[in-house]
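Below is run04.txt, holding compact mmCIF, N, CA and C atoms.
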```txt
# COMPACT_ATOMS: atom_id res chain seq x y z
N PRO E 20 1.17 11.50 0.46
CA PRO E 20 1.59 12.57 1.36
C PRO E 20 0.62 12.69 2.54
N HIS E 21 1.18 12.88 3.71
CA HIS E 21 0.38 12.99 4.91
C HIS E 21 1.08 13.92 5.89
N GLN E 22 0.40 14.91 6.33
CA GLN E 22 0.95 15.88 7.28
C GLN E 22 2.27 16.47 6.78
N SER E 23 2.28 16.90 5.54
CA SER E 23 3.43 17.54 4.89
C SER E 23 4.61 16.60 4.66
N GLY E 24 4.41 15.30 4.78
CA GLY E 24 5.46 14.34 4.48
C GLY E 24 5.12 13.59 3.21
N ALA E 25 6.11 13.01 2.57
CA ALA E 25 5.88 12.23 1.35
C ALA E 25 6.59 10.89 1.51
N PRO E 26 5.97 9.79 1.05
CA PRO E 26 6.54 8.47 1.22
C PRO E 26 7.91 8.32 0.53
N ALA E 27 8.89 7.88 1.32
CA ALA E 27 10.23 7.60 0.81
C ALA E 27 10.92 6.64 1.77
N ASN E 28 11.67 5.70 1.21
CA ASN E 28 12.39 4.73 2.03
C ASN E 28 11.45 4.05 3.02
N LEU E 29 10.30 3.62 2.51
CA LEU E 29 9.26 3.01 3.33
C LEU E 29 9.16 1.53 3.01
N ILE E 30 9.13 0.70 4.05
CA ILE E 30 9.01 -0.75 3.87
C ILE E 30 7.82 -1.23 4.70
N VAL E 31 6.82 -1.82 4.04
CA VAL E 31 5.64 -2.36 4.69
C VAL E 31 5.65 -3.86 4.43
N VAL E 32 6.06 -4.65 5.43
CA VAL E 32 6.16 -6.11 5.25
C VAL E 32 5.59 -6.85 6.45
N HIS E 33 5.05 -8.05 6.17
CA HIS E 33 4.58 -9.00 7.18
C HIS E 33 3.51 -8.43 8.10
N ASN E 34 2.50 -7.80 7.50
CA ASN E 34 1.38 -7.22 8.26
C ASN E 34 0.07 -7.84 7.83
N THR E 35 -0.94 -7.68 8.65
CA THR E 35 -2.32 -7.97 8.29
C THR E 35 -3.07 -6.64 8.34
N VAL E 36 -3.65 -6.25 7.20
CA VAL E 36 -4.33 -4.96 7.11
C VAL E 36 -5.78 -5.22 6.70
N LEU E 37 -6.73 -4.75 7.51
CA LEU E 37 -8.16 -4.92 7.24
C LEU E 37 -8.82 -3.56 7.17
N HIS E 38 -9.68 -3.37 6.15
CA HIS E 38 -10.45 -2.12 6.08
C HIS E 38 -11.78 -2.43 5.42
N ALA E 39 -12.85 -2.03 6.07
CA ALA E 39 -14.19 -2.37 5.58
C ALA E 39 -14.72 -1.42 4.53
N THR E 40 -14.33 -0.14 4.54
CA THR E 40 -15.02 0.82 3.69
C THR E 40 -14.12 1.58 2.72
N SER E 41 -12.86 1.32 2.71
CA SER E 41 -11.96 2.07 1.83
C SER E 41 -10.77 1.20 1.45
N ASP E 42 -9.75 1.80 0.85
CA ASP E 42 -8.55 1.08 0.48
C ASP E 42 -7.80 0.63 1.73
N ALA E 43 -7.32 -0.61 1.72
CA ALA E 43 -6.56 -1.11 2.87
C ALA E 43 -5.19 -0.45 2.93
N ILE E 44 -4.49 -0.41 1.80
CA ILE E 44 -3.20 0.29 1.69
C ILE E 44 -3.29 1.23 0.51
N ARG E 45 -2.98 2.49 0.73
CA ARG E 45 -2.99 3.48 -0.35
C ARG E 45 -1.69 4.26 -0.31
N VAL E 46 -1.03 4.34 -1.45
CA VAL E 46 0.24 5.06 -1.56
C VAL E 46 0.12 6.08 -2.69
N SER E 47 0.49 7.33 -2.40
CA SER E 47 0.51 8.35 -3.44
C SER E 47 1.61 9.35 -3.12
N GLY E 48 2.08 10.01 -4.14
CA GLY E 48 3.09 11.05 -3.96
C GLY E 48 4.45 10.54 -3.52
N MET E 49 4.83 9.34 -3.95
CA MET E 49 6.13 8.78 -3.57
C MET E 49 7.28 9.65 -4.09
N VAL E 50 8.25 9.86 -3.23
CA VAL E 50 9.45 10.58 -3.65
C VAL E 50 10.71 9.72 -3.46
N GLY E 51 10.52 8.52 -2.95
CA GLY E 51 11.63 7.58 -2.75
C GLY E 51 11.08 6.17 -2.84
N SER E 52 11.92 5.19 -2.54
CA SER E 52 11.51 3.80 -2.68
C SER E 52 10.45 3.41 -1.65
N VAL E 53 9.49 2.58 -2.10
CA VAL E 53 8.44 2.04 -1.24
C VAL E 53 8.31 0.55 -1.57
N VAL E 54 8.35 -0.30 -0.54
CA VAL E 54 8.20 -1.74 -0.70
C VAL E 54 6.97 -2.18 0.09
N ILE E 55 6.06 -2.89 -0.59
CA ILE E 55 4.89 -3.48 0.06
C ILE E 55 4.96 -4.98 -0.25
N ALA E 56 5.32 -5.79 0.75
CA ALA E 56 5.58 -7.21 0.47
C ALA E 56 5.12 -8.11 1.62
N ASN E 57 4.65 -9.29 1.24
CA ASN E 57 4.32 -10.37 2.17
C ASN E 57 3.32 -9.95 3.24
N ASN E 58 2.28 -9.23 2.81
CA ASN E 58 1.22 -8.79 3.70
C ASN E 58 -0.07 -9.55 3.38
N ALA E 59 -0.95 -9.67 4.37
CA ALA E 59 -2.32 -10.13 4.16
C ALA E 59 -3.17 -8.87 4.16
N VAL E 60 -3.79 -8.55 3.02
CA VAL E 60 -4.47 -7.27 2.83
C VAL E 60 -5.91 -7.52 2.41
N TYR E 61 -6.87 -6.99 3.19
CA TYR E 61 -8.28 -7.23 2.92
C TYR E 61 -9.07 -5.92 2.93
N SER E 62 -9.84 -5.71 1.88
CA SER E 62 -10.73 -4.55 1.82
C SER E 62 -12.09 -5.02 1.33
N GLN E 63 -13.11 -4.76 2.11
CA GLN E 63 -14.45 -5.21 1.76
C GLN E 63 -15.03 -4.45 0.58
N SER E 64 -14.79 -3.14 0.49
CA SER E 64 -15.42 -2.39 -0.59
C SER E 64 -14.47 -1.48 -1.35
N GLY E 65 -13.19 -1.47 -1.02
CA GLY E 65 -12.21 -0.65 -1.74
C GLY E 65 -11.15 -1.54 -2.34
N SER E 66 -10.02 -0.96 -2.63
CA SER E 66 -8.90 -1.71 -3.17
C SER E 66 -8.06 -2.27 -2.03
N ALA E 67 -7.54 -3.46 -2.21
CA ALA E 67 -6.61 -4.00 -1.23
C ALA E 67 -5.36 -3.12 -1.23
N ILE E 68 -4.82 -2.85 -2.42
CA ILE E 68 -3.67 -1.97 -2.57
C ILE E 68 -3.98 -0.98 -3.68
N ALA E 69 -3.92 0.30 -3.37
CA ALA E 69 -4.17 1.35 -4.36
C ALA E 69 -2.94 2.25 -4.43
N VAL E 70 -2.50 2.52 -5.65
CA VAL E 70 -1.31 3.35 -5.85
C VAL E 70 -1.66 4.45 -6.84
N ALA E 71 -1.27 5.68 -6.53
CA ALA E 71 -1.50 6.80 -7.43
C ALA E 71 -0.16 7.45 -7.74
N GLY E 72 0.01 7.85 -8.97
CA GLY E 72 1.23 8.54 -9.37
C GLY E 72 2.28 7.62 -9.93
N ASP E 73 3.50 8.08 -9.92
CA ASP E 73 4.65 7.37 -10.47
C ASP E 73 4.92 6.10 -9.67
N THR E 74 4.93 4.94 -10.32
CA THR E 74 5.17 3.67 -9.64
C THR E 74 6.58 3.13 -9.88
N SER E 75 7.46 3.91 -10.46
CA SER E 75 8.80 3.41 -10.79
C SER E 75 9.64 3.10 -9.55
N ARG E 76 9.30 3.66 -8.42
CA ARG E 76 10.05 3.41 -7.18
C ARG E 76 9.33 2.43 -6.26
N LEU E 77 8.28 1.79 -6.76
CA LEU E 77 7.43 0.91 -5.96
C LEU E 77 7.72 -0.56 -6.25
N THR E 78 7.82 -1.36 -5.19
CA THR E 78 7.92 -2.81 -5.31
C THR E 78 6.75 -3.41 -4.54
N VAL E 79 5.94 -4.22 -5.22
CA VAL E 79 4.82 -4.93 -4.60
C VAL E 79 5.02 -6.40 -4.91
N ALA E 80 5.13 -7.24 -3.85
CA ALA E 80 5.40 -8.66 -4.09
C ALA E 80 4.90 -9.51 -2.92
N GLY E 81 4.36 -10.68 -3.24
CA GLY E 81 4.04 -11.67 -2.23
C GLY E 81 2.87 -11.34 -1.32
N ASN E 82 2.03 -10.39 -1.70
CA ASN E 82 0.87 -10.05 -0.88
C ASN E 82 -0.30 -10.97 -1.23
N VAL E 83 -1.16 -11.25 -0.27
CA VAL E 83 -2.37 -12.02 -0.51
C VAL E 83 -3.53 -11.28 0.12
N GLY E 84 -4.75 -11.57 -0.38
CA GLY E 84 -5.89 -10.96 0.26
C GLY E 84 -7.10 -10.85 -0.64
N VAL E 85 -7.99 -9.94 -0.25
CA VAL E 85 -9.24 -9.73 -0.94
C VAL E 85 -9.38 -8.24 -1.21
N GLY E 86 -9.82 -7.91 -2.42
CA GLY E 86 -9.99 -6.53 -2.84
C GLY E 86 -9.21 -6.30 -4.12
N ALA E 87 -9.59 -5.31 -4.84
CA ALA E 87 -8.94 -5.00 -6.11
C ALA E 87 -7.55 -4.42 -5.87
N THR E 88 -6.77 -4.36 -6.92
CA THR E 88 -5.49 -3.67 -6.92
C THR E 88 -5.58 -2.59 -7.99
N SER E 89 -5.24 -1.37 -7.64
CA SER E 89 -5.31 -0.30 -8.64
C SER E 89 -4.01 0.48 -8.65
N GLY E 90 -3.66 0.95 -9.83
CA GLY E 90 -2.45 1.75 -9.97
C GLY E 90 -1.27 0.94 -10.41
```
Write out the structure in this file as structure tokens.
Amino acid sequence: PHQSGAPANLIVVHNTVLHATSDAIRVSGMVGSVVIANNAVYSQSGSAIAVAGDTSRLTVAGNVGVGATSG
């Protein structure tokens, strides 16, 4: 959730995401479908992809990179 919104019907594909000090991609509070696919994701000291909460509406596929995956 960000600025009173909650992730729903969100598609994150074909991106390069770099973050030096935190999670590169973080998803929490999903209320609809979220797809994270075919991205290059790099985090120096956090998770490449971090997910909190219910993951039943989440699809993660084909991502590459450096950093842990949590959730």
Gap from atom C of Gly72 (chain E) to atom N of Met49 (chain E) - Å, one decimal: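 Result for atom C of Gly72 (chain E) versus atom N of Met49 (chain E): 6.7 Å, one decimal.
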Leaving out Arg76 (chain E) and any residue of its chain fewer than 5 positions from it, which residues lie within 7 Å of it when counting only N, CA and C atoms, given as a short mmCIF file (atom, residue, chain, number, x, y, z; two decimals) with N, CA and C atoms, in the frame of the given file?
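Writing the result to selection39.cif gives the following:
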```
data_model
loop_
_atom_site.label_atom_id
_atom_site.label_comp_id
_atom_site.auth_asym_id
_atom_site.auth_seq_id
_atom_site.Cartn_x
_atom_site.Cartn_y
_atom_site.Cartn_z
N GLY E 51 10.52 8.52 -2.95
CA GLY E 51 11.63 7.58 -2.75
C GLY E 51 11.08 6.17 -2.84
N SER E 52 11.92 5.19 -2.54
CA SER E 52 11.51 3.80 -2.68
C SER E 52 10.45 3.41 -1.65
N VAL E 53 9.49 2.58 -2.10
CA VAL E 53 8.44 2.04 -1.24
C VAL E 53 8.31 0.55 -1.57
N VAL E 54 8.35 -0.30 -0.54
CA VAL E 54 8.20 -1.74 -0.70
C VAL E 54 6.97 -2.18 0.09
#
```
Among the residues E:Val85, E:Ala59, E:Val46, E:His21, the one that comes closest to His33 (chain E) [using only N, CA and C atoms]: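 Nearest to His33 (chain E): E:Ala59.
Proximity of E:Asn57, E:Ser89, E:Gln63, E:Thr78 to Leu37 (chain E), computed with all atoms listed in the file, is greatest for E:Gln63.
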Computed interatomic separation between atom N of Asp73 (chain E) and atom C of Val50 (chain E) (Å):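 The value is 9.8 Å.
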Residue with smallest distance to Arg45 (chain E) - pool E:Asn28, E:Asn58, E:Ser23, E:Ser66, counting only N, CA and C atoms: E:Ser66
All residues 10 Å or closer to Gly65 (chain E), only C-alpha atoms, same chain fewer than 6 positions away omitted, as a PDB file with N, CA and C atoms, in the frame of the given file:
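Resulting contents of result22.pdb:
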```pdb
ATOM      1  N   HIS E  38      -9.680  -3.370   6.150  1.00  0.00           N
ATOM      2  CA  HIS E  38     -10.450  -2.120   6.080  1.00  0.00           C
ATOM      3  C   HIS E  38     -11.780  -2.430   5.420  1.00  0.00           C
ATOM      4  N   ALA E  39     -12.850  -2.030   6.070  1.00  0.00           N
ATOM      5  CA  ALA E  39     -14.190  -2.370   5.580  1.00  0.00           C
ATOM      6  C   ALA E  39     -14.720  -1.420   4.530  1.00  0.00           C
ATOM      7  N   THR E  40     -14.330  -0.140   4.540  1.00  0.00           N
ATOM      8  CA  THR E  40     -15.020   0.820   3.690  1.00  0.00           C
ATOM      9  C   THR E  40     -14.120   1.580   2.720  1.00  0.00           C
ATOM     10  N   SER E  41     -12.860   1.320   2.710  1.00  0.00           N
ATOM     11  CA  SER E  41     -11.960   2.070   1.830  1.00  0.00           C
ATOM     12  C   SER E  41     -10.770   1.200   1.450  1.00  0.00           C
ATOM     13  N   ASP E  42      -9.750   1.800   0.850  1.00  0.00           N
ATOM     14  CA  ASP E  42      -8.550   1.080   0.480  1.00  0.00           C
ATOM     15  C   ASP E  42      -7.800   0.630   1.730  1.00  0.00           C
ATOM     16  N   ALA E  43      -7.320  -0.610   1.720  1.00  0.00           N
ATOM     17  CA  ALA E  43      -6.560  -1.110   2.870  1.00  0.00           C
ATOM     18  C   ALA E  43      -5.190  -0.450   2.930  1.00  0.00           C
ATOM     19  N   ILE E  44      -4.490  -0.410   1.800  1.00  0.00           N
ATOM     20  CA  ILE E  44      -3.200   0.290   1.690  1.00  0.00           C
ATOM     21  C   ILE E  44      -3.290   1.230   0.510  1.00  0.00           C
ATOM     22  N   VAL E  85      -7.990  -9.940  -0.250  1.00  0.00           N
ATOM     23  CA  VAL E  85      -9.240  -9.730  -0.940  1.00  0.00           C
ATOM     24  C   VAL E  85      -9.380  -8.240  -1.210  1.00  0.00           C
ATOM     25  N   GLY E  86      -9.820  -7.910  -2.420  1.00  0.00           N
ATOM     26  CA  GLY E  86      -9.990  -6.530  -2.840  1.00  0.00           C
ATOM     27  C   GLY E  86      -9.210  -6.300  -4.120  1.00  0.00           C
ATOM     28  N   ALA E  87      -9.590  -5.310  -4.840  1.00  0.00           N
ATOM     29  CA  ALA E  87      -8.940  -5.000  -6.110  1.00  0.00           C
ATOM     30  C   ALA E  87      -7.550  -4.420  -5.870  1.00  0.00           C
ATOM     31  N   THR E  88      -6.770  -4.360  -6.920  1.00  0.00           N
ATOM     32  CA  THR E  88      -5.490  -3.670  -6.920  1.00  0.00           C
ATOM     33  C   THR E  88      -5.580  -2.590  -7.990  1.00  0.00           C
ATOM     34  N   SER E  89      -5.240  -1.370  -7.640  1.00  0.00           N
ATOM     35  CA  SER E  89      -5.310  -0.300  -8.640  1.00  0.00           C
ATOM     36  C   SER E  89      -4.010   0.480  -8.650  1.00  0.00           C
TER      37      SER E  89
END
```
Separation of atom N of Thr74 (chain E) from CA of Ala27 (chain E), in Å and rounded to one decimal: 12.6 Å
Fewer than 3 positions away in the same chain doesn't count, so skip those; otherwise give me all residues within 6 Å of Gly90 (chain E), counting only N, CA and C atoms, as a tab-separated table (two decimals) with N, CA and C atoms, in the coordinates of the input.
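Output (result30.tsv):
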```
chain	number	residue	atom	x	y	z
E	69	ALA	N	-3.92	0.30	-3.37
E	69	ALA	CA	-4.17	1.35	-4.36
E	69	ALA	C	-2.94	2.25	-4.43
E	70	VAL	N	-2.50	2.52	-5.65
E	70	VAL	CA	-1.31	3.35	-5.85
E	70	VAL	C	-1.66	4.45	-6.84
E	71	ALA	N	-1.27	5.68	-6.53
E	71	ALA	CA	-1.50	6.80	-7.43
E	71	ALA	C	-0.16	7.45	-7.74
```
Distance criterion (all atoms listed in the file): nearest to Val83 (chain E) out of E:Val36, E:Gly48, E:Ile55, E:Val60: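 Of E:Val36, E:Gly48, E:Ile55, E:Val60, the one nearest Val83 (chain E) is E:Val60, counting all atoms listed in the file.
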Around the point (5.8, -11.7, -3.0) in the file's coordinates, collect all residues with an atom within 7 Å, using only N, CA and C atoms, and return them as a CSV table (one decimal) with N, CA and C atoms, in the coordinates of the input.
```csv
chain,number,residue,atom,x,y,z
E,56,ALA,N,5.3,-5.8,0.8
E,56,ALA,CA,5.6,-7.2,0.5
E,56,ALA,C,5.1,-8.1,1.6
E,57,ASN,N,4.6,-9.3,1.2
E,57,ASN,CA,4.3,-10.4,2.2
E,57,ASN,C,3.3,-10.0,3.2
E,79,VAL,N,5.9,-4.2,-5.2
E,79,VAL,CA,4.8,-4.9,-4.6
E,79,VAL,C,5.0,-6.4,-4.9
E,80,ALA,N,5.1,-7.2,-3.8
E,80,ALA,CA,5.4,-8.7,-4.1
E,80,ALA,C,4.9,-9.5,-2.9
E,81,GLY,N,4.4,-10.7,-3.2
E,81,GLY,CA,4.0,-11.7,-2.2
E,81,GLY,C,2.9,-11.3,-1.3
E,82,ASN,N,2.0,-10.4,-1.7
E,82,ASN,CA,0.9,-10.0,-0.9
E,82,ASN,C,-0.3,-11.0,-1.2
```
Secondary structure check, strand (DSSP E or B) residues of chain E, as number ranges by chain: E: 21, 24, 29-32, 35-38, 44-47, 53-56, 59-71, 77-80, 83-89
